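As stored in work.cif (mmCIF, C-alpha atoms):
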```cif
data_entry
loop_
_atom_site.label_atom_id
_atom_site.label_comp_id
_atom_site.auth_asym_id
_atom_site.auth_seq_id
_atom_site.Cartn_x
_atom_site.Cartn_y
_atom_site.Cartn_z
CA MET A 1 138.88 -82.91 51.04
CA ALA A 2 140.04 -79.72 49.31
CA ASP A 3 143.56 -80.22 50.69
CA LYS A 4 143.64 -83.75 49.39
CA ALA A 5 142.50 -82.63 45.94
CA ARG A 6 145.14 -79.87 45.93
CA TYR A 7 147.82 -82.35 46.89
CA TYR A 8 147.02 -84.62 43.95
CA LEU A 9 146.86 -81.65 41.58
CA GLU A 10 150.33 -80.53 42.65
CA GLN A 11 151.70 -83.92 41.59
CA SER A 12 150.99 -83.06 37.94
CA ILE A 13 152.93 -79.76 37.94
CA PRO A 14 156.10 -81.26 36.30
CA GLU A 15 153.95 -82.67 33.52
CA LEU A 16 152.19 -79.33 32.92
CA LYS A 17 155.54 -77.50 32.83
CA GLU A 18 156.76 -79.89 30.15
CA PHE A 19 153.61 -79.20 28.12
CA GLU A 20 154.37 -75.47 28.26
CA ASN A 21 158.15 -75.60 27.76
CA LYS A 22 157.93 -77.89 24.72
CA LYS A 23 154.85 -76.09 23.40
CA ILE A 24 152.82 -79.28 23.21
CA PHE A 25 149.80 -77.36 24.51
CA THR A 26 149.12 -73.62 24.64
CA LYS A 27 148.76 -71.73 27.94
CA GLU A 28 145.01 -71.55 27.43
CA GLU A 29 144.85 -75.32 26.89
CA ILE A 30 147.00 -75.97 29.98
CA SER A 31 144.65 -73.79 32.03
CA ALA A 32 141.69 -75.78 30.72
CA ILE A 33 143.45 -79.07 31.58
CA THR A 34 144.19 -77.82 35.11
CA LYS A 35 140.59 -76.70 35.56
CA LYS A 36 139.21 -80.02 34.34
CA ARG A 37 141.53 -82.01 36.59
CA SER A 38 140.56 -79.83 39.53
CA GLU A 39 136.89 -80.56 38.89
CA PHE A 40 137.54 -84.30 38.75
CA GLU A 41 139.74 -84.32 41.87
CA HIS A 42 137.22 -82.40 43.94
CA LYS A 43 134.43 -84.67 42.74
CA ILE A 44 136.21 -87.96 43.53
CA ASN A 45 137.41 -86.70 46.90
CA ALA A 46 133.98 -85.45 47.92
CA THR A 47 131.36 -87.39 49.87
CA GLY A 48 129.02 -89.35 47.60
CA CYS A 49 131.63 -90.09 44.94
CA LYS A 50 130.60 -92.83 42.50
CA PRO A 51 132.59 -95.32 40.38
CA ILE A 52 131.46 -93.50 37.23
CA ASP A 53 133.33 -90.39 38.42
CA TYR A 54 136.62 -92.27 38.46
CA ALA A 55 135.82 -93.92 35.12
CA ARG A 56 135.20 -90.52 33.49
CA TYR A 57 138.36 -89.09 35.03
CA ALA A 58 140.42 -91.99 33.67
CA GLU A 59 138.78 -91.68 30.25
CA TYR A 60 139.56 -87.94 30.15
CA GLU A 61 143.22 -88.64 30.97
CA MET A 62 143.37 -91.35 28.28
CA ASN A 63 142.03 -88.95 25.67
CA LEU A 64 144.47 -86.27 26.81
CA GLU A 65 147.40 -88.67 26.57
CA ALA A 66 146.33 -89.75 23.07
CA LEU A 67 146.22 -86.11 21.99
CA ARG A 68 149.64 -85.44 23.55
CA ARG A 69 151.19 -88.36 21.65
CA LYS A 70 149.75 -87.17 18.34
CA ARG A 71 151.10 -83.68 18.84
CA VAL A 72 154.53 -84.93 19.92
CA GLN A 73 154.70 -87.07 16.79
CA ARG A 74 153.57 -84.20 14.56
CA LEU A 75 156.00 -81.71 16.12
CA GLY A 76 158.85 -84.22 16.11
CA ILE A 77 159.92 -83.53 19.67
CA LYS A 78 160.95 -85.79 22.54
CA SER A 79 158.64 -86.00 25.51
CA LYS A 80 158.39 -88.09 28.65
CA SER A 81 155.63 -90.49 27.67
CA HIS A 82 155.62 -92.23 31.03
CA LEU A 83 154.15 -89.21 32.85
CA GLY A 84 150.74 -89.44 31.18
CA GLN A 85 150.66 -93.22 31.44
CA ARG A 86 151.61 -93.07 35.12
CA LYS A 87 148.87 -90.50 35.75
CA ILE A 88 146.22 -92.80 34.24
CA PHE A 89 147.48 -95.82 36.17
CA PHE A 90 147.39 -93.74 39.35
CA VAL A 91 143.75 -92.71 38.79
CA LEU A 92 142.70 -96.29 38.03
CA ASP A 93 144.60 -97.63 41.02
CA ARG A 94 142.85 -95.16 43.33
CA ALA A 95 139.53 -96.11 41.71
CA THR A 96 139.93 -99.85 42.27
CA ARG A 97 141.13 -99.32 45.83
CA LYS A 98 138.08 -97.26 46.71
CA PHE A 99 135.52 -99.24 44.71
CA HIS A 100 137.11 -102.68 44.69
CA GLY A 101 133.72 -104.28 44.14
CA ASP A 102 133.12 -102.55 40.79
CA ILE A 103 134.08 -104.93 37.96
CA GLY A 104 133.75 -102.17 35.37
CA LEU A 105 136.65 -100.24 36.91
CA TRP A 106 138.81 -103.37 37.07
CA MET A 107 138.13 -104.11 33.42
CA GLN A 108 138.98 -100.52 32.45
CA TYR A 109 142.25 -100.87 34.38
CA ILE A 110 143.04 -104.21 32.72
CA GLU A 111 142.19 -103.00 29.21
CA PHE A 112 144.40 -99.93 29.52
CA ALA A 113 147.35 -101.90 30.94
CA LYS A 114 146.97 -104.40 28.11
CA LYS A 115 146.80 -101.65 25.49
CA GLU A 116 149.96 -100.01 26.88
CA GLY A 117 151.82 -103.31 26.98
CA ALA A 118 152.50 -102.88 30.70
CA SER A 119 152.96 -106.58 31.52
CA LYS A 120 154.06 -106.11 35.13
CA VAL A 121 151.17 -103.77 35.89
CA LEU A 122 148.75 -106.14 34.18
CA LEU A 123 149.89 -109.13 36.23
CA LYS A 124 149.53 -107.07 39.40
CA VAL A 125 146.02 -105.96 38.42
CA PHE A 126 144.96 -109.51 37.52
CA ALA A 127 146.28 -110.79 40.87
CA SER A 128 144.39 -108.12 42.84
CA ALA A 129 141.16 -108.46 40.86
CA LEU A 130 141.07 -112.26 41.08
CA LYS A 131 141.90 -112.19 44.78
CA LEU A 132 138.98 -109.86 45.45
CA HIS A 133 136.57 -111.45 42.94
CA PRO A 134 137.27 -115.19 42.72
CA MET A 135 133.64 -115.90 41.85
CA ARG A 136 133.66 -113.71 38.74
CA THR A 137 134.31 -116.23 35.98
CA GLU A 138 134.81 -113.57 33.30
CA LEU A 139 137.99 -112.41 35.06
CA TRP A 140 139.49 -115.91 35.07
CA ILE A 141 138.62 -116.34 31.40
CA TYR A 142 140.10 -112.96 30.49
CA ALA A 143 143.31 -113.71 32.37
CA ALA A 144 143.66 -117.12 30.71
CA ARG A 145 143.07 -115.72 27.23
CA HIS A 146 145.65 -113.01 27.81
CA ALA A 147 148.20 -115.57 28.97
CA VAL A 148 147.85 -117.69 25.85
CA ASP A 149 147.11 -114.99 23.24
CA GLU A 150 149.60 -112.34 24.31
CA ASN A 151 152.27 -114.35 26.13
CA GLY A 152 151.86 -117.71 24.37
CA ASP A 153 151.92 -119.38 27.78
CA ILE A 154 149.41 -122.25 27.80
CA THR A 155 150.68 -123.44 31.19
CA GLU A 156 149.80 -120.12 32.82
CA ALA A 157 146.45 -120.07 31.00
CA ARG A 158 145.60 -123.53 32.32
CA SER A 159 146.60 -122.41 35.81
CA PHE A 160 144.12 -119.53 35.64
CA MET A 161 141.34 -121.81 34.42
CA GLN A 162 142.01 -124.49 37.04
CA ARG A 163 142.18 -121.97 39.87
CA GLY A 164 138.96 -120.40 38.63
CA LEU A 165 137.24 -123.78 38.61
CA ARG A 166 138.25 -124.41 42.22
CA PHE A 167 136.02 -121.47 43.14
CA ASN A 168 133.39 -122.02 40.44
CA LYS A 169 132.99 -125.77 39.99
CA GLY A 170 129.38 -125.35 38.95
CA SER A 171 130.03 -122.77 36.22
CA ARG A 172 129.06 -124.29 32.87
CA HIS A 173 130.49 -121.31 31.02
CA LEU A 174 133.90 -121.65 32.66
CA TRP A 175 134.12 -125.39 31.89
CA LEU A 176 133.25 -124.76 28.25
CA GLU A 177 135.75 -121.91 27.98
CA TYR A 178 138.47 -124.16 29.44
CA ALA A 179 137.73 -126.80 26.81
CA LYS A 180 137.67 -124.10 24.11
CA LEU A 181 141.07 -122.83 25.28
CA GLU A 182 142.54 -126.30 24.79
CA LEU A 183 140.89 -126.73 21.38
CA VAL A 184 142.19 -123.36 20.14
CA TYR A 185 145.67 -124.31 21.35
CA ILE A 186 145.56 -127.62 19.45
CA ALA A 187 144.30 -125.83 16.32
CA LYS A 188 147.22 -123.38 16.49
CA ILE A 189 149.78 -126.17 16.86
CA ILE A 190 148.27 -128.11 13.95
CA LYS A 191 148.45 -125.00 11.78
CA ARG A 192 152.11 -124.43 12.69
CA ARG A 193 152.97 -128.07 12.05
CA ARG A 194 151.50 -127.83 8.56
CA LEU A 195 153.41 -124.63 7.86
CA LEU A 196 156.61 -126.33 9.01
CA GLY A 197 155.88 -129.38 6.90
CA ILE A 198 155.63 -131.79 9.83
CA ASP A 199 152.21 -133.09 8.78
CA GLY A 200 152.80 -132.68 5.05
CA PRO A 201 154.12 -130.24 2.45
CA MET A 202 154.61 -126.72 3.73
CA GLU A 203 152.10 -124.14 2.57
CA ALA A 204 154.93 -121.82 1.66
CA GLN A 205 156.42 -124.42 -0.66
CA LYS A 206 153.04 -125.06 -2.30
CA GLN A 207 152.51 -121.38 -2.94
CA SER A 208 156.00 -120.81 -4.31
CA ALA A 209 155.59 -123.74 -6.70
CA GLU A 210 152.39 -122.22 -8.04
CA ASP A 211 153.92 -118.76 -8.53
CA GLU A 212 156.04 -118.65 -11.67
CA ASN A 213 157.57 -115.33 -10.67
CA MET A 214 159.12 -116.78 -7.51
CA ILE A 215 162.67 -118.14 -7.51
CA GLU A 216 162.72 -121.53 -5.82
CA LEU A 217 165.74 -122.02 -3.59
CA PRO A 218 167.58 -125.35 -3.79
CA THR A 219 166.99 -127.81 -0.98
CA ILE A 220 169.90 -128.78 1.22
CA THR A 221 170.23 -132.23 2.71
CA ALA A 222 171.48 -132.84 6.25
CA GLU A 223 174.62 -134.48 4.83
CA GLU A 224 175.41 -131.42 2.69
CA ALA A 225 174.90 -129.13 5.68
CA GLY A 226 177.22 -131.23 7.79
CA VAL A 227 174.53 -132.03 10.34
CA GLU A 228 174.57 -135.38 12.10
CA LEU A 229 171.04 -136.49 12.91
CA LYS A 230 172.04 -139.02 15.53
CA ASP A 231 172.31 -139.01 19.24
CA ASN A 232 175.00 -141.20 20.83
CA GLY A 233 175.03 -143.48 17.82
CA ARG A 234 171.25 -143.93 17.81
CA ASP A 235 168.81 -142.46 15.32
CA ILE A 236 166.60 -139.75 16.77
CA ASP A 237 163.06 -141.02 17.24
CA ASN A 238 160.70 -138.42 15.85
CA SER A 239 157.63 -140.67 15.92
CA PRO A 240 156.00 -138.92 18.93
CA LEU A 241 156.45 -135.62 17.14
CA ASN A 242 155.21 -136.83 13.75
CA ASN A 243 152.43 -139.13 14.94
CA ILE A 244 149.50 -137.04 16.16
CA GLU A 245 147.77 -140.08 17.68
CA ASN A 246 150.68 -140.61 20.06
CA ASN A 247 151.12 -136.93 20.88
CA PRO A 248 149.13 -136.09 24.05
CA ALA A 249 149.19 -132.39 23.18
CA LEU A 250 147.36 -133.01 19.89
CA ASN A 251 145.26 -136.17 20.17
CA GLY A 252 142.47 -134.58 22.21
CA ILE A 253 143.29 -136.14 25.57
CA ILE A 254 143.30 -132.80 27.41
CA PRO A 255 139.92 -131.51 26.10
CA LEU A 256 138.42 -134.92 26.88
CA ALA A 257 139.86 -134.75 30.41
CA VAL A 258 138.18 -131.36 30.81
CA PHE A 259 134.89 -132.84 29.55
CA ASP A 260 135.10 -135.81 31.94
CA ALA A 261 135.84 -133.54 34.90
CA ALA A 262 133.02 -131.19 33.90
CA ILE A 263 130.32 -133.89 33.72
CA GLN A 264 131.44 -135.23 37.10
CA GLU A 265 130.91 -131.81 38.66
CA ILE A 266 127.73 -131.06 36.72
CA SER A 267 125.97 -134.39 36.32
CA ASN A 268 122.53 -135.33 34.96
CA ASP A 269 122.52 -132.44 32.51
CA VAL A 270 122.20 -133.57 28.90
CA GLU A 271 122.07 -129.96 27.68
CA PHE A 272 125.51 -129.37 29.21
CA VAL A 273 126.82 -132.44 27.36
CA PHE A 274 125.19 -131.11 24.17
CA SER A 275 127.06 -127.81 24.69
CA PHE A 276 130.36 -129.70 24.59
CA PHE A 277 129.23 -131.52 21.44
CA ASN A 278 128.45 -128.20 19.74
CA LEU A 279 131.75 -126.73 20.94
CA PHE A 280 133.80 -129.62 19.54
CA GLY A 281 131.87 -129.36 16.30
CA THR A 282 133.08 -125.78 15.78
CA PHE A 283 136.61 -127.13 15.20
CA PRO A 284 136.07 -129.21 12.03
CA ASN A 285 139.73 -129.25 10.99
CA LEU A 286 141.10 -130.95 14.09
CA PRO A 287 142.46 -134.44 13.37
CA CYS A 288 141.09 -135.59 16.71
CA LEU A 289 137.52 -134.36 16.01
CA SER A 290 136.07 -137.86 15.56
CA LYS A 291 137.67 -139.00 18.80
CA LEU A 292 136.20 -136.03 20.68
CA LEU A 293 132.71 -136.48 19.24
CA ASP A 294 132.67 -140.27 19.76
CA HIS A 295 133.59 -139.82 23.41
CA VAL A 296 130.82 -137.28 24.03
CA ILE A 297 128.23 -139.32 22.12
CA SER A 298 129.19 -142.51 23.94
CA HIS A 299 128.62 -140.81 27.29
CA ALA A 300 125.37 -139.21 26.13
CA LEU A 301 123.84 -142.43 24.78
CA SER A 302 124.83 -144.46 27.83
CA SER A 303 123.60 -141.83 30.32
CA TYR A 304 120.56 -140.52 28.43
CA PRO A 305 119.53 -143.31 25.98
CA THR A 306 116.10 -141.83 25.15
CA SER A 307 117.00 -138.15 25.24
CA PRO A 308 116.34 -136.38 21.91
CA LEU A 309 119.51 -134.32 22.40
CA ALA A 310 121.66 -137.43 22.96
CA LEU A 311 120.18 -139.18 19.93
CA PHE A 312 120.54 -136.06 17.80
CA MET A 313 124.27 -135.92 18.60
CA ASP A 314 124.63 -139.40 17.14
CA VAL A 315 122.58 -138.33 14.12
CA LYS A 316 124.59 -135.19 13.34
CA ALA A 317 128.10 -136.50 14.05
CA PRO A 318 128.70 -138.13 10.60
CA ILE A 319 128.60 -134.82 8.71
CA LEU A 320 130.65 -132.77 11.19
CA GLY A 321 134.11 -132.01 9.89
CA VAL A 322 133.15 -133.03 6.32
CA GLU A 323 133.14 -130.36 3.62
CA PRO A 324 129.88 -130.24 1.60
CA THR A 325 132.03 -130.32 -1.57
CA SER A 326 133.82 -133.47 -0.44
CA PRO A 327 133.12 -136.69 -2.41
CA SER A 328 132.34 -138.41 0.89
CA PHE A 329 129.63 -135.92 1.90
CA PRO A 330 126.71 -137.71 0.15
CA SER A 331 127.59 -141.00 1.87
CA LYS A 332 127.83 -139.20 5.22
CA VAL A 333 124.38 -137.76 4.65
CA GLY A 334 123.17 -141.29 3.95
CA ILE A 335 124.57 -142.48 7.28
CA MET A 336 122.88 -139.53 8.98
CA LEU A 337 119.49 -140.41 7.45
CA SER A 338 119.79 -144.07 8.48
CA LYS A 339 120.53 -143.00 12.05
CA ILE A 340 117.45 -140.78 12.06
CA THR A 341 115.29 -143.74 11.05
CA SER A 342 116.67 -145.93 13.83
CA HIS A 343 116.52 -143.26 16.56
CA ILE A 344 113.04 -141.80 15.98
CA SER A 345 111.32 -144.69 17.77
CA GLU A 346 113.80 -144.49 20.68
CA ALA A 347 113.30 -140.79 21.44
CA SER A 348 111.14 -139.54 24.27
CA PRO A 349 109.58 -137.13 23.54
CA ARG A 350 109.70 -137.74 19.79
CA ASN A 351 108.59 -134.24 18.78
CA LYS A 352 111.86 -132.72 20.09
CA LEU A 353 113.96 -135.05 17.92
CA TYR A 354 111.76 -134.32 14.91
CA GLN A 355 112.36 -130.60 15.46
CA LEU A 356 116.13 -131.01 15.72
CA VAL A 357 116.37 -133.35 12.75
CA THR A 358 114.26 -131.25 10.38
CA MET A 359 116.13 -128.07 11.33
CA SER A 360 119.47 -129.78 10.70
CA LEU A 361 118.36 -131.09 7.30
CA GLN A 362 117.16 -127.64 6.30
CA GLU A 363 120.57 -126.22 7.22
CA ILE A 364 122.12 -128.64 4.75
CA LEU A 365 119.66 -127.51 2.07
CA ALA A 366 120.74 -123.90 2.67
CA ILE A 367 124.36 -124.71 1.74
CA GLU A 368 125.37 -123.06 -1.54
CA ASN A 369 126.23 -125.24 -4.53
CA ILE A 370 125.11 -128.41 -2.78
CA ASP A 371 125.09 -131.61 -4.85
CA PRO A 372 121.70 -131.82 -6.66
CA ALA A 373 121.40 -135.48 -5.69
CA VAL A 374 121.87 -134.62 -2.03
CA ASP A 375 119.34 -131.80 -2.37
CA THR A 376 116.76 -134.20 -3.81
CA VAL A 377 117.35 -136.87 -1.16
CA ILE A 378 117.09 -134.41 1.73
CA LYS A 379 113.89 -132.82 0.44
CA SER A 380 112.39 -136.28 0.10
CA ALA A 381 113.52 -137.20 3.62
CA LEU A 382 112.09 -133.98 5.03
CA GLY A 383 108.71 -134.70 3.47
CA LYS A 384 108.82 -138.19 5.00
CA TYR A 385 109.67 -136.94 8.51
CA PHE A 386 107.09 -134.14 8.40
CA LYS A 387 104.41 -136.69 7.50
CA GLN A 388 105.54 -139.07 10.24
CA ALA A 389 105.48 -136.26 12.80
CA GLU A 390 102.00 -135.20 11.69
CA MET A 391 100.63 -138.74 11.84
CA GLY A 392 102.11 -139.28 15.30
CA ARG A 393 100.91 -135.87 16.47
CA ASP A 394 104.51 -134.85 17.12
CA ILE A 395 104.37 -131.83 14.82
CA ASP A 396 104.17 -128.19 15.93
CA ALA A 397 103.36 -124.91 14.18
CA GLU A 398 106.99 -124.15 13.30
CA MET A 399 107.41 -127.56 11.67
CA TYR A 400 104.29 -126.95 9.57
CA LEU A 401 105.77 -123.65 8.47
CA SER A 402 109.09 -125.30 7.60
CA TRP A 403 107.23 -127.98 5.64
CA VAL A 404 105.46 -125.28 3.62
CA LYS A 405 108.77 -123.54 2.82
CA VAL A 406 110.37 -126.80 1.67
CA LEU A 407 107.46 -127.52 -0.66
CA GLU A 408 107.53 -123.98 -2.06
CA SER A 409 111.29 -124.22 -2.72
CA SER A 410 110.64 -127.53 -4.49
CA GLY A 411 108.19 -125.91 -6.88
CA GLN A 412 105.04 -127.41 -5.31
CA PRO A 413 102.85 -124.38 -4.47
CA LYS A 414 99.58 -126.36 -4.41
CA ALA A 415 100.95 -128.95 -1.99
CA ALA A 416 102.38 -126.11 0.13
CA GLN A 417 98.91 -124.48 0.30
CA ILE A 418 97.32 -127.76 1.42
CA ILE A 419 99.89 -128.19 4.22
CA LEU A 420 99.45 -124.56 5.25
CA THR A 421 95.69 -125.10 5.55
CA ARG A 422 96.22 -128.21 7.70
CA GLY A 423 98.64 -126.27 9.88
CA ARG A 424 96.14 -123.46 10.40
CA GLU A 425 93.47 -125.98 11.35
CA ALA A 426 95.79 -127.64 13.88
CA PHE A 427 97.13 -124.35 15.29
CA PRO A 428 94.48 -121.68 14.58
CA ASN A 429 96.02 -119.08 16.89
CA THR A 430 99.57 -119.18 15.57
CA ALA A 431 100.52 -115.85 13.99
CA ASN A 432 103.22 -117.23 11.66
CA LEU A 433 100.81 -119.67 10.06
CA LEU A 434 98.08 -117.04 9.71
CA LYS A 435 100.48 -114.82 7.72
#
```
File written out as structure tokens:
Amino acid sequence: MADKARYYLEQSIPELKEFENKKIFTKEEISAITKKRSEFEHKINATGCKPIDYARYAEYEMNLEALRRKRVQRLGIKSKSHLGQRKIFFVLDRATRKFHGDIGLWMQYIEFAKKEGASKVLLKVFASALKLHPMRTELWIYAARHAVDENGDITEARSFMQRGLRFNKGSRHLWLEYAKLELVYIAKIIKRRRLLGIDGPMEAQKQSAEDENMIELPTITAEEAGVELKDNGRDIDNSPLNNIENNPALNGIIPLAVFDAAIQEISNDVEFVFSFFNLFGTFPNLPCLSKLLDHVISHALSSYPTSPLALFMDVKAPILGVEPTSPSFPSKVGIMLSKITSHISEASPRNKLYQLVTMSLQEILAIENIDPAVDTVIKSALGKYFKQAEMGRDIDAEMYLSWVKVLESSGQPKAAQIILTRGREAFPNTANLLK
């Protein structure tokens, strides 16, 4: 073991000589570096070595390389930067070969390769890690995100996700991340289209028009530029590009295909369907949002007609994607309230739908600068639903507490005290109500 450690230490002699010759480190510092490396090498080559030993060794080398780069920059000298990087890669490669089952070491290797911009090394590491750990969904997700975020390659990202799902068909998290990947991609394209003026005036043009200090450049027509916008005597058809509804990359077909495949693999799970609904709802600016939500709700209501979660999706959908300051928001709230009225009697159990509905209405009340008329209507509706839940014995301690808070915010302290007393009588052992 000592011979092996000595052999690896001898490999770093050229690097240490450069440190001394170019005065990047002093002789005392070089001696300390050599001593520290010797300790690490003997430890990782000894019996009973642990993954943490390799991780600490790699971390020490990373810190040393960062210090070397700072000194080289400060001294203004040229130095072989690849030596330190190669040393770190070598330590991490040995670590993952010996402890190939340790995900922490693989992630350290991946993170460093990504930080250094070593694309070839990163691809090699991803390939090895995924081959050894096909059931670790976080690796597939990480690889897909890197492909689309760093390389802008959605095709490669989809390939990673699809290969990961072959091994992990029952992973809810992986299905949701695949759908999220597609939604983020659509959002990026929509943003670029708007900047380029495909879907309307370019942001840059709007800003320049508003800034009086900017000099607006004259526009040039195709005729003035000498550009012929025809192909073999026929006008170029830009309708697929300009019409989002006819563009399969933007009209939501791919995320819906992911959803359909997911619910086939993981069936009879309304909470999984609800997860997709919540995911789609986090992208309010997508033009295809209504199409995505309608598809999910249609499946939920047909498959789980009495489920509180399925009914709540239909209740909440009207306000998703609508700004609270929009003139249409009050009417959307009205649609939401009418749906609540029609769905309460259909839900089983009803108390779950009451909980979801009252929580959602309180979230609207918490919005800053909400329309006073909307505020009044929602507070009135909340009082109505709390009373209905109490009469039908579908109320719980948390709903009583919420009822009290709504009354207090409405300036009705006496009514709030009466409800609090009723809540304590119904749930005498609930700490929140006793407070």
Quiz prompt | Shortest interatomic distance to Phe112 in chain A - which of A:Thr306, A:Asn45, A:Thr26, A:Asn63, counting all atoms listed in the file | solution = A:Asn63
Quiz prompt | Ref. answer, residues at most 9 Å from (140.4, -82.9, 26.3) with only C-alpha atoms, as an MDAnalysis selection string | solution = chainID A and resid 29 32:33 36 60:61 63:64 67
Exercise. Spell out the residues picked by the PyMOL selection byres ((chain A and resi 178-183) around 8) here, as a count of residues only.
Key: 18
Quiz prompt | For range 89-97 of chain A: contacts at 12 Å, only C-alpha atoms, fewer than 6 positions along chain excluded, given as a PyMOL selection string | solution = chain A and resi 8-9+11-12+37+40-41+44-45+49-62+65+82-83+103-114+116+118+121-122+124-126+128-129+132
Let's have the selection written as a CSV table (one decimal), keeping the file's coordinate frame, with C-alpha atoms.
```
chain,number,residue,atom,x,y,z
A,8,TYR,CA,147.0,-84.6,44.0
A,9,LEU,CA,146.9,-81.6,41.6
A,11,GLN,CA,151.7,-83.9,41.6
A,12,SER,CA,151.0,-83.1,37.9
A,37,ARG,CA,141.5,-82.0,36.6
A,40,PHE,CA,137.5,-84.3,38.8
A,41,GLU,CA,139.7,-84.3,41.9
A,44,ILE,CA,136.2,-88.0,43.5
A,45,ASN,CA,137.4,-86.7,46.9
A,49,CYS,CA,131.6,-90.1,44.9
A,50,LYS,CA,130.6,-92.8,42.5
A,51,PRO,CA,132.6,-95.3,40.4
A,52,ILE,CA,131.5,-93.5,37.2
A,53,ASP,CA,133.3,-90.4,38.4
A,54,TYR,CA,136.6,-92.3,38.5
A,55,ALA,CA,135.8,-93.9,35.1
A,56,ARG,CA,135.2,-90.5,33.5
A,57,TYR,CA,138.4,-89.1,35.0
A,58,ALA,CA,140.4,-92.0,33.7
A,59,GLU,CA,138.8,-91.7,30.2
A,60,TYR,CA,139.6,-87.9,30.2
A,61,GLU,CA,143.2,-88.6,31.0
A,62,MET,CA,143.4,-91.4,28.3
A,65,GLU,CA,147.4,-88.7,26.6
A,82,HIS,CA,155.6,-92.2,31.0
A,83,LEU,CA,154.2,-89.2,32.8
A,103,ILE,CA,134.1,-104.9,38.0
A,104,GLY,CA,133.8,-102.2,35.4
A,105,LEU,CA,136.6,-100.2,36.9
A,106,TRP,CA,138.8,-103.4,37.1
A,107,MET,CA,138.1,-104.1,33.4
A,108,GLN,CA,139.0,-100.5,32.4
A,109,TYR,CA,142.2,-100.9,34.4
A,110,ILE,CA,143.0,-104.2,32.7
A,111,GLU,CA,142.2,-103.0,29.2
A,112,PHE,CA,144.4,-99.9,29.5
A,113,ALA,CA,147.4,-101.9,30.9
A,114,LYS,CA,147.0,-104.4,28.1
A,116,GLU,CA,150.0,-100.0,26.9
A,118,ALA,CA,152.5,-102.9,30.7
A,121,VAL,CA,151.2,-103.8,35.9
A,122,LEU,CA,148.8,-106.1,34.2
A,124,LYS,CA,149.5,-107.1,39.4
A,125,VAL,CA,146.0,-106.0,38.4
A,126,PHE,CA,145.0,-109.5,37.5
A,128,SER,CA,144.4,-108.1,42.8
A,129,ALA,CA,141.2,-108.5,40.9
A,132,LEU,CA,139.0,-109.9,45.4
```
Quiz item: Of the candidates A:Thr282, A:Ser402, A:Gln73, A:Ser326, which one gets nearest to Gly423 in chain A if we count only C-alpha atoms?
Solution: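 Of A:Thr282, A:Ser402, A:Gln73, A:Ser326, the one nearest Gly423 in chain A is A:Ser402, counting only C-alpha atoms.
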Practice problem: Name the residues that the PyMOL selection byres ((chain A and resi 315) around 7) picks from the file above, as a list in words, using the file's chain letters and numbers. | Solution: Leu311, Phe312, Met313, Asp314, Lys316, Ala317, Met336, Lys339 and Ile340 of chain A
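CA of Ala66 in chain A is positioned 20.1 Å from CA of Ser38 in chain A.
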Self-check item: Spatial neighbours of Asn351 in chain A, 10 Å, only C-alpha atoms, chain gap at least 3 places, as an MDAnalysis selection string
Solution: chainID A and resid 308 344 347:348 354:357 389:390 392:396 399
Quiz item: Which of these, A:Lys43, A:Phe274, A:Gly164, A:Leu286, has the shortest distance to Lys191 in chain A once you count all atoms listed in the file?
Solution: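 Looking at the shortest contact to Lys191 in chain A, the residue is A:Leu286.
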Exercise. Find the residues near Pro327 in chain A: any atom within 12 Å, counting all atoms listed in the file, skip ones fewer than 5 places away on the same chain, and give them as a ChimeraX atom specification.
Key: /A:322,332-333,370-371,374
Self-check item: Residue nearest Asp3 in chain A - candidates A:Lys17, A:His42, A:Lys379, A:Lys78, atoms counted: all atoms listed in the file
Solution: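 Among the listed residues, the smallest separation from Asp3 in chain A belongs to A:His42.
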Quiz item: Mind telling me what the PyMOL selection byres ((chain A and resi 421) around 12) catches here, as a PyMOL selection string?
Solution: chain A and resi 397+400-401+403-404+414-420+422-428+433-435
Just-selected residues, C-alpha atoms written as a compact mmCIF listing (two decimals), in the frame of the given file:
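Contents of the output file again.txt:
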```txt
# COMPACT_ATOMS: atom_id res chain seq x y z
CA ALA A 397 103.36 -124.91 14.18
CA TYR A 400 104.29 -126.95 9.57
CA LEU A 401 105.77 -123.65 8.47
CA TRP A 403 107.23 -127.98 5.64
CA VAL A 404 105.46 -125.28 3.62
CA LYS A 414 99.58 -126.36 -4.41
CA ALA A 415 100.95 -128.95 -1.99
CA ALA A 416 102.38 -126.11 0.13
CA GLN A 417 98.91 -124.48 0.30
CA ILE A 418 97.32 -127.76 1.42
CA ILE A 419 99.89 -128.19 4.22
CA LEU A 420 99.45 -124.56 5.25
CA ARG A 422 96.22 -128.21 7.70
CA GLY A 423 98.64 -126.27 9.88
CA ARG A 424 96.14 -123.46 10.40
CA GLU A 425 93.47 -125.98 11.35
CA ALA A 426 95.79 -127.64 13.88
CA PHE A 427 97.13 -124.35 15.29
CA PRO A 428 94.48 -121.68 14.58
CA LEU A 433 100.81 -119.67 10.06
CA LEU A 434 98.08 -117.04 9.71
CA LYS A 435 100.48 -114.82 7.72
```
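Note that CA of Phe329 in chain A and CA of Asn285 in chain A are 15.1 Å apart.
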Exercise. Can you pull out every residue within 7 Å of range 288-292 of chain A, counting all atoms listed in the file, but drop anything in the same chain fewer than 4 positions away, and send it as a ChimeraX atom specification?
Key: /A:251-252,256,280,284,296
Exercise. Report the distance between CA of Leu123 in chain A and CA of Asn168 in chain A in Å, rounded to one decimal place.
Key: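 So the answer is 21.4 Å.
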Practice problem: Give the answer as one residue: which of A:Ala261, A:Val148, A:Ile266, A:Ala249 has the shortest atom-to-atom distance to Gly170 in chain A, using all atoms listed in the file? | Solution: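 Going through A:Ala261, A:Val148, A:Ile266, A:Ala249 one by one, the smallest distance to Gly170 in chain A is for A:Ile266.
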